[in-house]
Amino acid sequence: MNTPAREQRSDNRPYFFLSYAHTPAWGAGNGDPDHWVRVLFTDLCDHIMALTDLPAGAAGFMDREMRSGDGWPEKLSENLATCRVFVPLFSPRYFTSEMCGREWFAFHERILRARNTGAGDVPAIVPAMWTHVDYGQLPDSVRHIHFDQAAYGDRYAAHGIYGLIKLKRLHDEYEEIVLDLAQRIVRVAHDSPLPAARPRPYESTPSAFKPRGEGPRRIHLTVAAPTRDDLPEHRDKRPYGEDAQDWNPYHSESTRPLPALAEELIRSLDYRITISSFDDEDPGGQGDDGPADATGDDLEKAPPGRPGILLVDRWALTDPERRERLRKFDLGARPWISAIVPWNRSDLQCHSEEGKQLTADLERTLPLILDRGRRTDCRMAVNGVPSLKAFTDVLPAVVAHTTRQYLKHAVAHPPAGPHVPRPRLMGPTHPPFPEAGDDNGGEA
């Protein structure tokens with residue numbers, strides 16, 4: 001096989017980041033519950049050192065090597081931002097771990113950023129099965145990753161690496177699988193190099209996995225932006241396309257439309273997302289939340305739909321009809337409707353007198369939604385998001401806030417059907433069960 005040899009001699013970034021769910025210690029004298037994960041990590045490092053010309057210590061990274069008080073969040077973030085391949089050890093516990101979810105999100109965000117700059121698909125996530133996991137146990141946010149349990153045989157699919165390493169009779173299969181995994185890590189690192197990124201602060205990194213026991217999470221993204229054909233003649237047409245969903249305000253930083261980027265990022269947070277153009281929606285209905293002519297009190301009585309985010313371009317206000325529909329949308333906006341206002345700080349027309357006027361027009365058009373946004377920790381979302389990096393940083397915070405508002409304010413409506421009266425407690429003079437032949441069931 002080909003190995004990354006001399007052309008990458010100066011690149012001493014870790015070849016892989018081993019992401020695993022820590023097993024809680026139990027009982028006295030049971031030793032380290034993650035001892036066998038450490039054995040796997042050591043074996044992988046040994047193979048990678050043999051397959052490359054790396055200096056000592058550059059093969060891999062796992063957080064077991066860190067100690068409390070040693071700045072471990074910073075080291076974790078730095079290695080997630082620089083490692084070449086991400087190796088998650090799948091297990092039922094893995095997908096309930098907030099720490100693993102943060103690690104997955106931080107690394108997957110690097111892949112999305114590389115894709116936005118034209119790198120294409122970078123298969124830098126190489127999962128391994130630590131213990132058996134059914135496909136149905138995988139969160140929506142990870143199902144796009146190729147994960148073939150049968151690739152290494154029935155025993156691997158049934159027992160995972162943990163079973164192979166614990167059963168002496170399967171030791172040869174364990175050795176073969178670990179060598180193959182090491183070869184794949186090296187091959188991916190060489191053939192699909194992933195650029196390093198600026199470390200993402202661990203404390204503010206969201207998890208890619210929904211909390212334990214929580215059902216599917218849904219959100220709707222609405223894009224209010226002009227198309228290339230309905231722009232003012234003097235407006236730069238490069239950020240626009242044939243549809244509102246082609247809008248790409250950060251075209252100097254990304255080759256992909258912003259709604260597509262937002263959709264992928266939200267999906268990576270374990271949400272099921274729908275997306276539409278504002279011009280194709282009924283302004284009063286706010287997606288599927290209510291009737292098209294609903295406003296005020298009518299909206300409060302309508303069945304709740306789902307949390308919603310309005311992605312709005314200030315230049316959408318140059319169309320009087322769209323501006324009026326946005327104004328009506330704002331009048332009936334429920335607390336779980338948020339907005340994000342992207343703009344490109346390198347777009348000179350955004351700094352022009354017309355751009356400033358459009359900013360003022362937006363304040364008059366969406367006063368309710370914008371005011372709500374300014375009373376949150378992600379107020380930059382409505383004040384103007386000036387870069388792609390700022391957008392990818394603020395979007396998860398807006399998603400989390402919008403979901404919280406939905407859970408706080410949305411009223412759960414019972415399913416349609418006949419009313420079943422609640423049973424009454426019997427008084428002391430009434431028998432606890434109906435007497436034989438009593439057609440009234442023992443009620444007074």
# chains A, B, ... in the order shown; residues from 1 in each chain; ligands from 1
call {"tool": "residues_around", "arguments": {"residues": "Arg364 in chain A", "least_positions_apart": "6", "cutoff": "12 Å", "atoms": "only C-alpha atoms", "output": "ChimeraX atom specification"}}
result
/A:314,317,323-324,326-328,330-331,357-358,370-371
call {"tool": "residues_around", "arguments": {"residues": "Ala128 in chain A", "least_positions_apart": "5", "cutoff": "9 Å", "atoms": "only C-alpha atoms", "output": "list in words"}}
result
Val87, Pro88, Leu89, Phe90, Phe147, Gln149, Gly160, Ile161 and Leu181 of chain A
call {"tool": "write_last_selection", "arguments": {"atoms": "C-alpha atoms", "output": "PDB file, in the first residue's frame"}}
result
ATOM      1  CA  VAL A  87     -11.892   7.034  14.878  1.00  0.00           C
ATOM      2  CA  PRO A  88     -15.075   6.687  16.967  1.00  0.00           C
ATOM      3  CA  LEU A  89     -15.554   3.420  18.852  1.00  0.00           C
ATOM      4  CA  PHE A  90     -19.243   2.658  18.368  1.00  0.00           C
ATOM      5  CA  PHE A 147     -20.291   1.709   8.519  1.00  0.00           C
ATOM      6  CA  GLN A 149     -20.417  -4.224  10.284  1.00  0.00           C
ATOM      7  CA  GLY A 160     -17.156  -6.064  18.219  1.00  0.00           C
ATOM      8  CA  ILE A 161     -13.502  -5.403  18.950  1.00  0.00           C
ATOM      9  CA  LEU A 181      -7.927  -0.522  10.707  1.00  0.00           C
TER      10      LEU A 181
END
call {"tool": "closest_residue", "arguments": {"among": "A:Ala182, A:Ile165, A:Ala158, A:Leu368", "to": "Arg334 in chain A", "atoms": "only C-alpha atoms"}}
result
A:Leu368
call {"tool": "closest_residue", "arguments": {"among": "A:Asp230, A:Asp279, A:Glu253, A:Asp43", "to": "Tyr174 in chain A", "atoms": "only C-alpha atoms"}}
result
A:Asp43
call {"tool": "residues_around", "arguments": {"residues": "Ala260 in chain A", "least_positions_apart": "4", "cutoff": "8 Å", "atoms": "only C-alpha atoms", "output": "JSON, numbers by chain"}}
result
{"A": [245, 256, 264]}
call {"tool": "closest_residue", "arguments": {"among": "A:Arg155, A:Lys166, A:Arg184, A:Arg93", "to": "Ala124 in chain A", "atoms": "only C-alpha atoms"}}
result
A:Arg184
call {"tool": "select_by_dssp", "arguments": {"residues": "range 100-276 of chain A", "states": "helix (DSSP H, G or I)", "output": "VMD selection string"}}
result
chain A and resid 100 to 116 135 to 137 140 to 142 149 to 152 154 to 166 168 to 191 202 to 204 228 to 230 244 to 246 258 to 267
call {"tool": "write_last_selection", "arguments": {"atoms": "C-alpha atoms", "output": "mmCIF file, in the first residue's frame"}}
result
data_model
loop_
_atom_site.group_PDB
_atom_site.id
_atom_site.type_symbol
_atom_site.label_atom_id
_atom_site.label_comp_id
_atom_site.auth_asym_id
_atom_site.auth_seq_id
_atom_site.Cartn_x
_atom_site.Cartn_y
_atom_site.Cartn_z
ATOM 1 C CA CYS A 100 -18.406 11.867 22.517
ATOM 2 C CA GLY A 101 -21.144 13.936 20.904
ATOM 3 C CA ARG A 102 -19.037 17.088 21.276
ATOM 4 C CA GLU A 103 -15.994 15.370 19.821
ATOM 5 C CA TRP A 104 -18.004 14.131 16.834
ATOM 6 C CA PHE A 105 -19.511 17.569 16.166
ATOM 7 C CA ALA A 106 -16.184 19.402 16.375
ATOM 8 C CA PHE A 107 -14.515 17.050 13.923
ATOM 9 C CA HIS A 108 -17.474 16.824 11.541
ATOM 10 C CA GLU A 109 -17.576 20.624 11.438
ATOM 11 C CA ARG A 110 -14.013 20.531 10.071
ATOM 12 C CA ILE A 111 -15.178 18.231 7.283
ATOM 13 C CA LEU A 112 -18.077 20.563 6.413
ATOM 14 C CA ARG A 113 -15.753 23.564 6.247
ATOM 15 C CA ALA A 114 -13.375 21.703 3.965
ATOM 16 C CA ARG A 115 -16.300 20.723 1.747
ATOM 17 C CA ASN A 116 -17.459 24.332 1.589
ATOM 18 C CA TYR A 135 -28.303 0.298 12.813
ATOM 19 C CA GLY A 136 -31.481 1.484 14.541
ATOM 20 C CA GLN A 137 -29.385 2.624 17.519
ATOM 21 C CA ASP A 140 -29.616 10.446 12.541
ATOM 22 C CA SER A 141 -26.502 12.626 12.679
ATOM 23 C CA VAL A 142 -24.154 9.689 12.012
ATOM 24 C CA GLN A 149 -20.417 -4.224 10.284
ATOM 25 C CA ALA A 150 -20.084 -7.317 8.112
ATOM 26 C CA ALA A 151 -16.878 -6.149 6.421
ATOM 27 C CA TYR A 152 -14.701 -7.965 8.980
ATOM 28 C CA ASP A 154 -19.615 -12.422 11.508
ATOM 29 C CA ARG A 155 -17.631 -12.548 14.748
ATOM 30 C CA TYR A 156 -16.739 -8.865 14.512
ATOM 31 C CA ALA A 157 -20.383 -8.018 13.752
ATOM 32 C CA ALA A 158 -21.564 -10.083 16.715
ATOM 33 C CA HIS A 159 -18.925 -9.229 19.331
ATOM 34 C CA GLY A 160 -17.156 -6.064 18.219
ATOM 35 C CA ILE A 161 -13.502 -5.403 18.950
ATOM 36 C CA TYR A 162 -14.136 -5.764 22.685
ATOM 37 C CA GLY A 163 -15.345 -9.345 22.226
ATOM 38 C CA LEU A 164 -12.429 -10.244 19.955
ATOM 39 C CA ILE A 165 -9.840 -8.840 22.342
ATOM 40 C CA LYS A 166 -11.376 -10.566 25.392
ATOM 41 C CA LYS A 168 -8.379 -15.729 23.491
ATOM 42 C CA ARG A 169 -9.621 -18.051 20.749
ATOM 43 C CA LEU A 170 -10.400 -14.979 18.596
ATOM 44 C CA HIS A 171 -7.028 -13.301 19.134
ATOM 45 C CA ASP A 172 -5.891 -13.810 15.530
ATOM 46 C CA GLU A 173 -9.048 -12.139 14.217
ATOM 47 C CA TYR A 174 -8.448 -9.215 16.569
ATOM 48 C CA GLU A 175 -4.891 -8.770 15.283
ATOM 49 C CA GLU A 176 -6.032 -8.876 11.661
ATOM 50 C CA ILE A 177 -8.807 -6.340 12.193
ATOM 51 C CA VAL A 178 -6.584 -3.908 14.103
ATOM 52 C CA LEU A 179 -3.902 -4.061 11.400
ATOM 53 C CA ASP A 180 -6.522 -3.472 8.723
ATOM 54 C CA LEU A 181 -7.927 -0.522 10.707
ATOM 55 C CA ALA A 182 -4.441 0.992 11.045
ATOM 56 C CA GLN A 183 -3.839 0.610 7.317
ATOM 57 C CA ARG A 184 -7.133 2.279 6.563
ATOM 58 C CA ILE A 185 -6.314 5.210 8.879
ATOM 59 C CA VAL A 186 -3.004 5.769 7.111
ATOM 60 C CA ARG A 187 -4.590 5.424 3.674
ATOM 61 C CA VAL A 188 -7.368 7.943 4.431
ATOM 62 C CA ALA A 189 -4.919 10.399 5.974
ATOM 63 C CA HIS A 190 -2.769 10.216 2.854
ATOM 64 C CA ASP A 191 -5.385 10.075 0.091
ATOM 65 C CA TYR A 202 -14.749 22.579 24.118
ATOM 66 C CA GLU A 203 -17.150 24.216 26.574
ATOM 67 C CA SER A 204 -19.200 25.838 23.792
ATOM 68 C CA ARG A 228 -30.909 36.522 -9.462
ATOM 69 C CA ASP A 229 -33.903 37.557 -11.590
ATOM 70 C CA ASP A 230 -35.674 39.771 -9.035
ATOM 71 C CA ALA A 244 -33.754 31.540 -2.853
ATOM 72 C CA GLN A 245 -32.038 28.383 -1.615
ATOM 73 C CA ASP A 246 -29.114 29.128 -3.956
ATOM 74 C CA LEU A 258 -25.628 28.863 2.646
ATOM 75 C CA PRO A 259 -28.971 27.020 3.145
ATOM 76 C CA ALA A 260 -27.322 23.730 2.109
ATOM 77 C CA LEU A 261 -24.495 24.346 4.565
ATOM 78 C CA ALA A 262 -26.984 25.207 7.326
ATOM 79 C CA GLU A 263 -29.002 22.089 6.580
ATOM 80 C CA GLU A 264 -25.949 19.845 6.951
ATOM 81 C CA LEU A 265 -24.807 21.574 10.124
ATOM 82 C CA ILE A 266 -28.245 21.290 11.741
ATOM 83 C CA ARG A 267 -28.508 17.658 10.671
#
call {"tool": "closest_residue", "arguments": {"among": "A:Met49, A:Ile369, A:Leu311, A:Val223", "to": "Ser276 in chain A", "atoms": "only C-alpha atoms"}}
result
A:Val223
call {"tool": "residues_around", "arguments": {"residues": "Leu80 in chain A", "least_positions_apart": "2", "cutoff": "10 Å", "atoms": "only C-alpha atoms", "output": "list in words"}}
result
Pro14, Phe16, Phe17, Leu18, Ser19, Phe61, Glu74, Lys75, Leu76, Ser77, Glu78, Thr82, Cys83, Arg84, Val85, Phe86, Glu103, Trp104, Phe105, Ala106, Phe107, His108, Arg110, Ala196, Ala197, Arg198, Pro199, Arg200 and Tyr202 of chain A
call {"tool": "select_by_dssp", "arguments": {"residues": "range 118-245 of chain A", "states": "strand (DSSP E)", "output": "PyMOL selection string"}}
result
chain A and resi 128-129+217-224
call {"tool": "write_last_selection", "arguments": {"atoms": "N, CA and C atoms", "output": "JSON list (two decimals), in the first residue's frame"}}
result
[["chain", "number", "residue", "atom", "x", "y", "z"],
["A", 128, "ALA", "N", -15.16, 2.35, 14.13],
["A", 128, "ALA", "CA", -14.89, 0.95, 14.48],
["A", 128, "ALA", "C", -15.93, 0.55, 15.52],
["A", 129, "MET", "N", -16.32, -0.71, 15.51],
["A", 129, "MET", "CA", -17.36, -1.18, 16.43],
["A", 129, "MET", "C", -16.71, -1.79, 17.67],
["A", 217, "ARG", "N", -35.83, 15.01, 17.04],
["A", 217, "ARG", "CA", -35.90, 16.46, 17.11],
["A", 217, "ARG", "C", -36.08, 17.01, 15.70],
["A", 218, "ARG", "N", -37.02, 17.94, 15.54],
["A", 218, "ARG", "CA", -37.33, 18.48, 14.23],
["A", 218, "ARG", "C", -37.23, 20.00, 14.24],
["A", 219, "ILE", "N", -36.85, 20.56, 13.11],
["A", 219, "ILE", "CA", -36.77, 22.01, 12.97],
["A", 219, "ILE", "C", -36.98, 22.36, 11.51],
["A", 220, "HIS", "N", -37.49, 23.55, 11.25],
["A", 220, "HIS", "CA", -37.74, 24.00, 9.88],
["A", 220, "HIS", "C", -36.93, 25.25, 9.60],
["A", 221, "LEU", "N", -36.30, 25.28, 8.45],
["A", 221, "LEU", "CA", -35.49, 26.43, 8.02],
["A", 221, "LEU", "C", -36.18, 27.08, 6.83],
["A", 222, "THR", "N", -36.47, 28.37, 6.96],
["A", 222, "THR", "CA", -37.08, 29.14, 5.88],
["A", 222, "THR", "C", -36.08, 30.17, 5.37],
["A", 223, "VAL", "N", -35.91, 30.24, 4.06],
["A", 223, "VAL", "CA", -34.93, 31.13, 3.45],
["A", 223, "VAL", "C", -35.66, 32.28, 2.76],
["A", 224, "ALA", "N", -35.45, 33.49, 3.26],
["A", 224, "ALA", "CA", -36.01, 34.69, 2.65],
["A", 224, "ALA", "C", -34.87, 35.44, 1.95]]
call {"tool": "residues_around", "arguments": {"residues": "Phe209 in chain A", "least_positions_apart": "4", "cutoff": "7 Å", "atoms": "only C-alpha atoms", "output": "NGL selection string"}}
result
:A and (95 or 101 or 139 or 269-270)
